[in-house]
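S.K.: Structure supplied as target32.pdb; contents: PDB, C-alpha atoms.
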ATOM      1  CA  MET A   1     156.354  57.958  70.992
ATOM      2  CA  GLU A   2     158.474  59.584  73.668
ATOM      3  CA  ASP A   3     161.857  61.274  73.765
ATOM      4  CA  GLU A   4     163.811  63.264  76.298
ATOM      5  CA  ARG A   5     166.410  65.976  75.850
ATOM      6  CA  SER A   6     168.242  68.195  78.273
ATOM      7  CA  PHE A   7     168.294  71.983  77.989
ATOM      8  CA  SER A   8     169.217  74.863  80.299
ATOM      9  CA  ASP A   9     167.154  77.614  81.838
ATOM     10  CA  ILE A  10     167.922  81.335  81.847
ATOM     11  CA  CYS A  11     170.145  81.054  84.950
ATOM     12  CA  GLY A  12     172.171  78.132  83.598
ATOM     13  CA  GLY A  13     170.489  75.318  85.542
ATOM     14  CA  ARG A  14     169.697  71.980  83.895
ATOM     15  CA  LEU A  15     166.204  71.247  82.607
ATOM     16  CA  ALA A  16     164.836  68.054  81.074
ATOM     17  CA  LEU A  17     162.207  68.267  78.329
ATOM     18  CA  GLN A  18     160.136  65.141  77.698
ATOM     19  CA  ARG A  19     158.036  65.083  74.557
ATOM     20  CA  ARG A  20     155.255  62.597  74.062
ATOM     21  CA  TYR A  21     153.484  62.279  70.739
ATOM     22  CA  TYR A  22     150.275  60.457  71.501
ATOM     23  CA  SER A  23     148.824  61.017  68.034
ATOM     24  CA  PRO A  24     149.179  63.574  65.188
ATOM     25  CA  SER A  25     146.669  65.780  66.975
ATOM     26  CA  CYS A  26     147.719  65.348  70.606
ATOM     27  CA  ARG A  27     151.120  66.171  72.114
ATOM     28  CA  GLU A  28     152.495  66.635  75.586
ATOM     29  CA  PHE A  29     155.609  68.518  76.743
ATOM     30  CA  CYS A  30     156.956  68.012  80.241
ATOM     31  CA  LEU A  31     159.700  70.257  81.679
ATOM     32  CA  SER A  32     161.395  69.037  84.867
ATOM     33  CA  CYS A  33     163.296  71.473  87.060
ATOM     34  CA  PRO A  34     166.188  70.315  89.256
ATOM     35  CA  ARG A  35     165.126  69.220  92.730
ATOM     36  CA  LEU A  36     165.836  71.112  95.942
ATOM     37  CA  SER A  37     169.562  70.610  96.532
ATOM     38  CA  LEU A  38     170.914  69.492  99.900
ATOM     39  CA  ARG A  39     173.599  72.154  99.734
ATOM     40  CA  SER A  40     171.199  75.101  99.588
ATOM     41  CA  LEU A  41     168.994  73.542 102.269
ATOM     42  CA  THR A  42     171.890  73.119 104.707
ATOM     43  CA  ALA A  43     173.176  76.618 103.918
ATOM     44  CA  VAL A  44     169.829  78.268 104.709
ATOM     45  CA  THR A  45     169.308  76.181 107.851
ATOM     46  CA  CYS A  46     172.809  76.962 109.131
ATOM     47  CA  THR A  47     172.432  80.715 108.586
ATOM     48  CA  VAL A  48     169.047  80.830 110.322
ATOM     49  CA  TRP A  49     170.269  78.793 113.288
ATOM     50  CA  LEU A  50     173.521  80.747 113.624
ATOM     51  CA  ALA A  51     171.565  84.012 113.621
ATOM     52  CA  ALA A  52     169.209  82.593 116.265
ATOM     53  CA  TYR A  53     172.166  81.470 118.376
ATOM     54  CA  GLY A  54     173.691  84.935 118.083
ATOM     55  CA  LEU A  55     170.416  86.465 119.314
ATOM     56  CA  PHE A  56     170.300  83.901 122.122
ATOM     57  CA  THR A  57     173.750  84.892 123.376
ATOM     58  CA  LEU A  58     172.569  88.518 123.454
ATOM     59  CA  CYS A  59     169.190  87.955 125.096
ATOM     60  CA  GLU A  60     169.717  84.761 127.175
ATOM     61  CA  ASN A  61     166.188  83.663 126.231
ATOM     62  CA  SER A  62     165.952  80.032 125.125
ATOM     63  CA  MET A  63     162.607  80.590 123.377
ATOM     64  CA  ILE A  64     164.584  82.068 120.475
ATOM     65  CA  LEU A  65     166.213  78.726 119.701
ATOM     66  CA  SER A  66     162.931  76.785 119.655
ATOM     67  CA  ALA A  67     161.327  79.572 117.631
ATOM     68  CA  ALA A  68     164.155  79.295 115.090
ATOM     69  CA  ILE A  69     163.582  75.551 114.763
ATOM     70  CA  PHE A  70     159.843  76.068 114.219
ATOM     71  CA  ILE A  71     160.444  78.818 111.681
ATOM     72  CA  THR A  72     162.867  76.656 109.734
ATOM     73  CA  LEU A  73     160.489  73.702 109.635
ATOM     74  CA  LEU A  74     157.414  75.725 108.711
ATOM     75  CA  GLY A  75     159.370  77.719 106.156
ATOM     76  CA  LEU A  76     160.614  74.554 104.497
ATOM     77  CA  LEU A  77     157.131  73.039 104.362
ATOM     78  CA  GLY A  78     155.630  76.253 103.003
ATOM     79  CA  TYR A  79     158.358  76.546 100.385
ATOM     80  CA  LEU A  80     157.857  72.978  99.195
ATOM     81  CA  HIS A  81     154.090  73.334  99.064
ATOM     82  CA  PHE A  82     153.650  76.816  97.615
ATOM     83  CA  VAL A  83     156.839  77.854  95.837
ATOM     84  CA  LYS A  84     158.981  74.993  94.548
ATOM     85  CA  ILE A  85     157.652  73.671  91.251
ATOM     86  CA  ASP A  86     159.142  70.355  90.169
ATOM     87  CA  GLN A  87     157.500  69.788  86.825
ATOM     88  CA  GLU A  88     155.493  71.778  84.310
ATOM     89  CA  THR A  89     153.441  70.045  81.639
ATOM     90  CA  LEU A  90     151.770  71.366  78.517
ATOM     91  CA  LEU A  91     149.185  69.135  76.813
ATOM     92  CA  ILE A  92     147.779  70.194  73.455
ATOM     93  CA  ILE A  93     144.792  68.390  71.999
ATOM     94  CA  ASP A  94     143.724  69.561  68.588
ATOM     95  CA  SER A  95     140.084  70.769  68.511
ATOM     96  CA  LEU A  96     139.747  70.426  72.297
ATOM     97  CA  GLY A  97     142.141  72.756  74.055
ATOM     98  CA  ILE A  98     145.392  73.323  75.903
ATOM     99  CA  GLN A  99     146.067  72.176  79.452
ATOM    100  CA  MET A 100     148.897  73.396  81.686
ATOM    101  CA  THR A 101     149.799  71.493  84.857
ATOM    102  CA  SER A 102     152.294  72.531  87.527
ATOM    103  CA  SER A 103     153.263  69.966  90.121
ATOM    104  CA  TYR A 104     154.880  71.209  93.307
ATOM    105  CA  ALA A 105     157.528  69.462  95.374
ATOM    106  CA  SER A 106     155.012  68.528  98.081
ATOM    107  CA  GLY A 107     152.845  66.704  95.531
ATOM    108  CA  LYS A 108     150.278  69.459  94.965
ATOM    109  CA  GLU A 109     149.191  69.937  91.359
ATOM    110  CA  SER A 110     147.508  72.939  89.852
ATOM    111  CA  THR A 111     145.890  72.712  86.424
ATOM    112  CA  THR A 112     144.643  75.294  83.943
ATOM    113  CA  PHE A 113     142.644  74.441  80.828
ATOM    114  CA  ILE A 114     142.007  76.745  77.884
ATOM    115  CA  GLU A 115     139.502  75.813  75.161
ATOM    116  CA  MET A 116     140.736  75.790  71.595
ATOM    117  CA  ASP A 117     138.067  78.325  70.572
ATOM    118  CA  LYS A 118     139.663  80.925  72.785
ATOM    119  CA  VAL A 119     143.229  80.349  71.605
ATOM    120  CA  LYS A 120     144.424  82.744  68.922
ATOM    121  CA  ASP A 121     148.071  81.716  68.698
ATOM    122  CA  ILE A 122     151.099  80.468  70.636
ATOM    123  CA  VAL A 123     154.085  82.771  70.227
ATOM    124  CA  ILE A 124     157.583  83.295  71.606
ATOM    125  CA  ASN A 125     157.678  86.768  73.089
ATOM    126  CA  GLU A 126     160.568  88.831  74.418
ATOM    127  CA  ALA A 127     160.170  90.920  77.548
ATOM    128  CA  ILE A 128     162.156  92.549  80.307
ATOM    129  CA  TYR A 129     162.277  90.401  83.440
ATOM    130  CA  MET A 130     164.202  91.827  86.452
ATOM    131  CA  GLN A 131     167.502  92.925  84.918
ATOM    132  CA  LYS A 132     167.384  90.630  81.858
ATOM    133  CA  VAL A 133     165.540  90.394  78.566
ATOM    134  CA  ILE A 134     164.167  86.869  78.233
ATOM    135  CA  TYR A 135     162.292  84.826  75.650
ATOM    136  CA  TYR A 136     159.181  83.079  76.913
ATOM    137  CA  LEU A 137     156.360  81.131  75.356
ATOM    138  CA  CYS A 138     152.848  82.507  75.728
ATOM    139  CA  ILE A 139     149.323  81.754  74.579
ATOM    140  CA  LEU A 140     147.372  84.633  73.036
ATOM    141  CA  LEU A 141     143.639  84.508  73.684
ATOM    142  CA  LYS A 142     141.042  85.842  71.273
ATOM    143  CA  ASP A 143     139.005  88.941  71.990
ATOM    144  CA  PRO A 144     135.269  88.130  71.767
ATOM    145  CA  VAL A 145     134.463  91.698  70.685
ATOM    146  CA  GLU A 146     137.111  92.230  68.008
ATOM    147  CA  PRO A 147     138.000  89.455  65.560
ATOM    148  CA  HIS A 148     141.710  90.341  65.227
ATOM    149  CA  GLY A 149     142.279  91.573  68.747
ATOM    150  CA  ILE A 150     144.014  89.927  71.669
ATOM    151  CA  SER A 151     142.289  89.907  75.020
ATOM    152  CA  GLN A 152     144.820  88.203  77.252
ATOM    153  CA  VAL A 153     148.374  86.869  77.340
ATOM    154  CA  VAL A 154     149.002  83.638  79.268
ATOM    155  CA  PRO A 155     152.700  82.844  79.765
ATOM    156  CA  ILE A 156     153.639  79.159  80.083
ATOM    157  CA  PHE A 157     156.654  77.454  81.685
ATOM    158  CA  GLN A 158     156.860  80.382  84.081
ATOM    159  CA  SER A 159     158.937  78.805  86.827
ATOM    160  CA  ALA A 160     161.139  76.644  84.626
ATOM    161  CA  LYS A 161     162.037  79.509  82.248
ATOM    162  CA  PRO A 162     163.841  77.597  79.524
ATOM    163  CA  ARG A 163     166.114  79.201  76.956
ATOM    164  CA  LEU A 164     165.365  79.848  73.299
ATOM    165  CA  ASP A 165     166.450  76.463  71.934
ATOM    166  CA  CYS A 166     163.957  74.607  74.103
ATOM    167  CA  LEU A 167     161.241  77.160  73.309
ATOM    168  CA  ILE A 168     161.766  76.763  69.572
ATOM    169  CA  GLU A 169     161.231  72.985  69.822
ATOM    170  CA  VAL A 170     157.962  73.413  71.707
ATOM    171  CA  TYR A 171     156.895  76.278  69.416
ATOM    172  CA  ARG A 172     157.374  74.250  66.235
ATOM    173  CA  SER A 173     155.402  71.305  67.563
ATOM    174  CA  CYS A 174     152.577  73.546  68.757
ATOM    175  CA  GLN A 175     152.442  75.398  65.452
ATOM    176  CA  GLU A 176     152.037  72.115  63.567
ATOM    177  CA  ILE A 177     148.991  71.277  65.632
ATOM    178  CA  LEU A 178     147.554  74.800  65.405
ATOM    179  CA  ALA A 179     148.008  74.898  61.634
ATOM    180  CA  HIS A 180     146.259  71.544  61.370
ATOM    181  CA  GLN A 181     143.472  72.826  63.601
ATOM    182  CA  LYS A 182     143.013  76.013  61.552
ATOM    183  CA  ALA A 183     142.901  74.044  58.334
ATOM    184  CA  THR A 184     140.180  71.721  59.665
ATOM    185  CA  SER A 185     138.180  74.526  61.286
ATOM    186  CA  THR A 186     138.026  76.786  58.219
ATOM    187  CA  SER A 187     136.961  73.973  55.889
ATOM    188  CA  PRO A 188     133.202  73.417  56.292
TER
ATOM    189  CA  MET B 189     182.848 130.777  74.314
ATOM    190  CA  VAL B 190     181.018 132.853  71.735
ATOM    191  CA  GLU B 191     177.682 132.599  73.636
ATOM    192  CA  ASN B 192     179.185 133.889  76.876
ATOM    193  CA  SER B 193     180.430 137.120  75.337
ATOM    194  CA  LEU B 194     177.090 137.680  73.561
ATOM    195  CA  LEU B 195     175.148 137.494  76.871
ATOM    196  CA  PRO B 196     176.753 139.700  79.520
ATOM    197  CA  GLY B 197     173.729 139.007  81.705
ATOM    198  CA  ARG B 198     174.848 135.422  82.178
ATOM    199  CA  ALA B 199     178.254 136.498  83.517
ATOM    200  CA  ILE B 200     176.544 138.780  86.025
ATOM    201  CA  TYR B 201     174.262 135.927  87.189
ATOM    202  CA  ASP B 202     177.301 133.700  87.612
ATOM    203  CA  PHE B 203     179.139 136.308  89.687
ATOM    204  CA  VAL B 204     176.127 136.924  91.950
ATOM    205  CA  LEU B 205     175.741 133.173  92.435
ATOM    206  CA  LEU B 206     179.437 132.808  93.324
ATOM    207  CA  LEU B 207     179.335 135.624  95.889
ATOM    208  CA  SER B 208     176.115 134.418  97.507
ATOM    209  CA  SER B 209     177.265 130.800  97.725
ATOM    210  CA  GLN B 210     180.564 131.815  99.330
ATOM    211  CA  PHE B 211     178.734 134.094 101.766
ATOM    212  CA  GLY B 212     176.288 131.296 102.612
ATOM    213  CA  PHE B 213     179.153 128.897 103.290
ATOM    214  CA  ILE B 214     180.998 131.336 105.593
ATOM    215  CA  LEU B 215     177.736 132.026 107.420
ATOM    216  CA  TYR B 216     177.202 128.287 107.923
ATOM    217  CA  LEU B 217     180.733 127.902 109.343
ATOM    218  CA  VAL B 218     180.211 130.842 111.704
ATOM    219  CA  TRP B 219     176.922 129.390 112.910
ATOM    220  CA  ALA B 220     178.474 125.947 113.462
ATOM    221  CA  PHE B 221     181.768 126.769 115.153
ATOM    222  CA  ILE B 222     181.548 130.063 117.060
ATOM    223  CA  PRO B 223     180.085 129.551 120.559
ATOM    224  CA  GLU B 224     176.695 131.035 121.465
ATOM    225  CA  SER B 225     178.171 133.403 124.070
ATOM    226  CA  TRP B 226     180.413 135.232 121.586
ATOM    227  CA  LEU B 227     177.551 135.617 119.091
ATOM    228  CA  ASN B 228     175.235 136.886 121.844
ATOM    229  CA  SER B 229     177.845 139.404 122.962
ATOM    230  CA  LEU B 230     177.952 140.729 119.395
ATOM    231  CA  GLY B 231     174.177 141.166 119.535
ATOM    232  CA  LEU B 232     173.194 138.363 117.145
ATOM    233  CA  THR B 233     170.827 136.315 119.289
ATOM    234  CA  TYR B 234     168.229 134.833 116.904
ATOM    235  CA  TRP B 235     169.910 131.683 115.492
ATOM    236  CA  PRO B 236     168.465 128.195 115.029
ATOM    237  CA  GLN B 237     169.799 125.522 117.375
ATOM    238  CA  LYS B 238     173.300 124.234 116.700
ATOM    239  CA  HIS B 239     171.860 120.708 116.519
ATOM    240  CA  TRP B 240     170.760 121.515 112.971
ATOM    241  CA  THR B 241     174.324 122.179 111.745
ATOM    242  CA  VAL B 242     174.915 118.423 111.932
ATOM    243  CA  ALA B 243     171.389 117.201 111.263
ATOM    244  CA  LEU B 244     170.789 118.980 107.942
ATOM    245  CA  PRO B 245     173.800 117.599 105.989
ATOM    246  CA  LEU B 246     173.082 114.161 107.408
ATOM    247  CA  HIS B 247     169.458 114.301 106.275
ATOM    248  CA  LEU B 248     170.625 115.358 102.828
ATOM    249  CA  LEU B 249     173.058 112.435 102.554
ATOM    250  CA  ILE B 250     170.459 109.885 103.628
ATOM    251  CA  THR B 251     167.978 111.349 101.129
ATOM    252  CA  ILE B 252     170.498 110.896  98.318
ATOM    253  CA  VAL B 253     171.183 107.276  99.308
ATOM    254  CA  ILE B 254     167.460 106.482  99.542
ATOM    255  CA  GLY B 255     166.986 108.246  96.218
ATOM    256  CA  TYR B 256     169.221 105.685  94.496
ATOM    257  CA  VAL B 257     167.312 102.762  95.989
ATOM    258  CA  LEU B 258     163.932 104.373  95.268
ATOM    259  CA  LEU B 259     164.785 105.080  91.637
ATOM    260  CA  PHE B 260     165.828 101.471  91.095
ATOM    261  CA  ARG B 261     162.631 100.160  92.687
ATOM    262  CA  ILE B 262     160.380 102.548  90.749
ATOM    263  CA  ASN B 263     161.985 101.387  87.511
ATOM    264  CA  MET B 264     161.397  97.756  88.383
ATOM    265  CA  MET B 265     157.802  98.357  89.417
ATOM    266  CA  SER B 266     156.902 100.215  86.233
ATOM    267  CA  THR B 267     158.247  97.465  83.964
ATOM    268  CA  PRO B 268     155.202  95.587  82.599
ATOM    269  CA  SER B 269     154.840  92.036  83.906
ATOM    270  CA  LEU B 270     155.178  89.008  81.638
ATOM    271  CA  ASN B 271     151.411  88.497  81.314
ATOM    272  CA  SER B 272     150.525  92.071  80.399
ATOM    273  CA  ILE B 273     149.204  92.913  76.956
ATOM    274  CA  CYS B 274     151.629  95.880  76.633
ATOM    275  CA  THR B 275     154.352  93.443  75.623
ATOM    276  CA  ILE B 276     152.397  92.299  72.564
ATOM    277  CA  THR B 277     150.501  95.274  71.218
ATOM    278  CA  ASP B 278     149.294  98.776  72.042
ATOM    279  CA  ASN B 279     146.790 101.360  70.813
ATOM    280  CA  TYR B 280     148.984 102.601  67.997
ATOM    281  CA  ALA B 281     149.437  99.134  66.546
ATOM    282  CA  LYS B 282     145.727  98.397  66.764
ATOM    283  CA  ASN B 283     144.663 101.597  65.003
ATOM    284  CA  GLN B 284     147.264 101.795  62.266
ATOM    285  CA  GLN B 285     145.955 102.347  58.750
ATOM    286  CA  PRO B 286     146.874  99.772  56.103
ATOM    287  CA  LYS B 287     149.055 101.370  53.435
ATOM    288  CA  LYS B 288     149.021 100.551  49.740
ATOM    289  CA  TYR B 289     151.896  98.519  48.363
ATOM    290  CA  GLN B 290     153.867 100.353  45.635
ATOM    291  CA  GLU B 291     156.124  98.467  43.263
ATOM    292  CA  VAL B 292     159.293 100.550  43.172
ATOM    293  CA  ALA B 293     159.234 102.380  46.517
ATOM    294  CA  ILE B 294     160.442 101.028  49.863
ATOM    295  CA  PRO B 295     157.481  99.546  51.772
ATOM    296  CA  ALA B 296     155.993 101.891  54.348
ATOM    297  CA  LEU B 297     156.847 101.479  58.009
ATOM    298  CA  ARG B 298     154.258  99.585  60.002
ATOM    299  CA  VAL B 299     153.922  97.314  63.027
ATOM    300  CA  ILE B 300     154.003  93.597  62.147
ATOM    301  CA  SER B 301     152.098  91.311  64.488
ATOM    302  CA  THR B 302     153.979  88.957  66.806
ATOM    303  CA  SER B 303     152.540  85.858  65.139
ATOM    304  CA  GLU B 304     153.938  86.799  61.734
ATOM    305  CA  VAL B 305     157.346  87.687  63.139
ATOM    306  CA  ASN B 306     157.493  84.372  64.989
ATOM    307  CA  GLN B 307     156.641  82.409  61.881
ATOM    308  CA  MET B 308     159.309  84.182  59.870
ATOM    309  CA  LEU B 309     162.006  83.782  62.524
ATOM    310  CA  PHE B 310     161.381  80.324  63.902
ATOM    311  CA  LEU B 311     159.475  78.338  61.303
ATOM    312  CA  ALA B 312     160.922  79.548  58.012
ATOM    313  CA  ALA B 313     164.643  79.861  58.817
ATOM    314  CA  LYS B 314     165.425  76.506  60.351
ATOM    315  CA  ASP B 315     169.159  76.877  61.119
ATOM    316  CA  LEU B 316     169.146  80.459  62.302
ATOM    317  CA  TYR B 317     168.658  79.825  66.000
ATOM    318  CA  THR B 318     169.630  76.221  66.527
ATOM    319  CA  LYS B 319     173.286  76.925  67.317
ATOM    320  CA  ASN B 320     172.840  78.213  70.881
TER
END
Take the structure in this file and express it as structure tokens.
M.R.:
Amino acid sequence: MEDERSFSDICGGRLALQRRYYSPSCREFCLSCPRLSLRSLTAVTCTVWLAAYGLFTLCENSMILSAAIFITLLGLLGYLHFVKIDQETLLIIDSLGIQMTSSYASGKESTTFIEMDKVKDIVINEAIYMQKVIYYLCILLKDPVEPHGISQVVPIFQSAKPRLDCLIEVYRSCQEILAHQKATSTSP
Amino acid sequence: MVENSLLPGRAIYDFVLLLSSQFGFILYLVWAFIPESWLNSLGLTYWPQKHWTVALPLHLLITIVIGYVLLFRINMMSTPSLNSICTITDNYAKNQQPKKYQEVAIPALRVISTSEVNQMLFLAAKDLYTKN
């Protein structure tokens, strides 16, 4: 079963959340960020090239223009490969673990998997980020030494940064699975 | 008003400060504007270079401007990042003693864990946050 809804992120941009219910114990959430817009690309390219042309008129050295072209191309490739995240996916499988996948605009994918034994809870936390206070979803990991302690906080949907309404949807679905998992794990 | 009359010492400090600051200002103007030759003819020869009459106020202004930027950056750097454990709990919350529940009295103040707060806010009250 699959459905798609549109939400907004903390800056007001559009996000699309796709939910897939594979089974009662396995769910996937996929957040898609808007693609690189042509307007911002042309704006950045024009500013860089105008600045290079201004330097060229001062220095009369044509290497500056070719250097500006190289910088723009390499910068765009680096941005698409290392910075721009197109889609973030969260896959929860009861009794197995949680997997987070980020796919970049150049096609690169980076995956993180956390076993269910290490997961204490998934919560919505509030924190100060730059000049705002934002809500974000994070996974709390258990402390091996102390039974009720928390060893690490893993934030999810870091580059998409959805608002509270989207986070509540994901939180409720995750809590259903975690409650089911706790019930089956405590019963012998 | 009442404190000032009770402490005559404070009025004396104020007056000394006023006189010394006015004297310092007049001295600075003399150093900046009167040419070296006139001051030498009066016998006052040991002054710092006149270059410093312009440089010192300028240094002070730039320090103030950089101070604004530096304060802003220090604040941003000391804010804990989103994956730090300070945003969830701290030593006080871990070591707090459980207090006994009394029937009539107001429950004692204590730190409630994030998981419980989340369940109360987002699972129990279904229409509280769905409007935005």
S.K.: Check every residue of chain A for an atom within 9 Å of chain B, counting only C-alpha atoms, and provide those that qualify as a list in words.
M.R.: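 Written out as asked, the residues are Asp121, Ile122, Val123, Ile124, Asn125, Glu126, Ala127, Ile128, Tyr129, Met130, Gln131, Tyr136, Cys138, Gly149, Ile150, Ser151, Gln152, Val153, Val154, Pro155, Leu164, Asp165, Ile168, Tyr171, Arg172 and Gln175 of chain A.
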S.K.: As a check of understanding, name the residues that the PyMOL selection byres ((chain A and resi 27-40) around 7) selects in the supplied structure, as a VMD selection string.
M.R.: chain A and resid 14 to 23 25 to 26 41 to 44 86 to 93 160
S.K.: Write out as a PyMOL selection string each polymer residue whose atoms come within 9 Å of Leu96 of chain A, counting all atoms listed in the file; drop sequence neighbours fewer than 4 positions from it.
M.R.: chain A and resi 92+114-117
S.K.: What residues come out when you apply the PyMOL selection byres ((chain A and resi 106) around 6) to this file, written as a PyMOL selection string?
M.R.: chain A and resi 80-81+104-105+107-108
S.K.: Write the selection just made, keeping C-alpha atoms, as a compact mmCIF listing (two decimals), keeping the file's coordinate frame?
M.R.:
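Final file, selection35.txt:
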# COMPACT_ATOMS: atom_id res chain seq x y z
CA LEU A 80 157.86 72.98 99.20
CA HIS A 81 154.09 73.33 99.06
CA TYR A 104 154.88 71.21 93.31
CA ALA A 105 157.53 69.46 95.37
CA GLY A 107 152.84 66.70 95.53
CA LYS A 108 150.28 69.46 94.96
S.K.: Give the answer as one residue: which of A:Ala67, A:Val119, A:Leu167, A:Ile177 has the shortest atom-to-atom distance to Tyr135 of chain A, using only C-alpha atoms?
M.R.: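 Among the listed residues, the smallest separation from Tyr135 of chain A belongs to A:Leu167.
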S.K.: State, in Å with one decimal place, the distance from atom CA of Thr47 of chain A to atom CA of Phe70 of chain A.
M.R.: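 Distance between the two atoms: 14.6 Å.
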S.K.: Tell me, in Å to one decimal, how far atom CA of Ser8 of chain A is from atom CA of Val170 of chain A.
M.R.: 14.2 Å
S.K.: Give the answer as one residue: which of B:Phe213, B:Tyr256, B:Trp219, B:Trp226 has the shortest atom-to-atom distance to Lys238 of chain B, using all atoms listed in the file?
M.R.: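 Going through B:Phe213, B:Tyr256, B:Trp219, B:Trp226 one by one, the smallest distance to Lys238 of chain B is for B:Trp219.
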S.K.: Would you compute the distance between atom CA of Met100 of chain A and atom CA of Phe157 of chain A? Give it in Å to one decimal.
M.R.: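 Computing it gives 8.8 Å between the two atoms.
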S.K.: Between A:Thr112, A:Asn61, A:Ser95, A:Gln158, which residue has the minimum interatomic distance to Ile10 of chain A, considering all atoms listed in the file?
M.R.: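 Among A:Thr112, A:Asn61, A:Ser95, A:Gln158, it is A:Gln158 that comes nearest to Ile10 of chain A.
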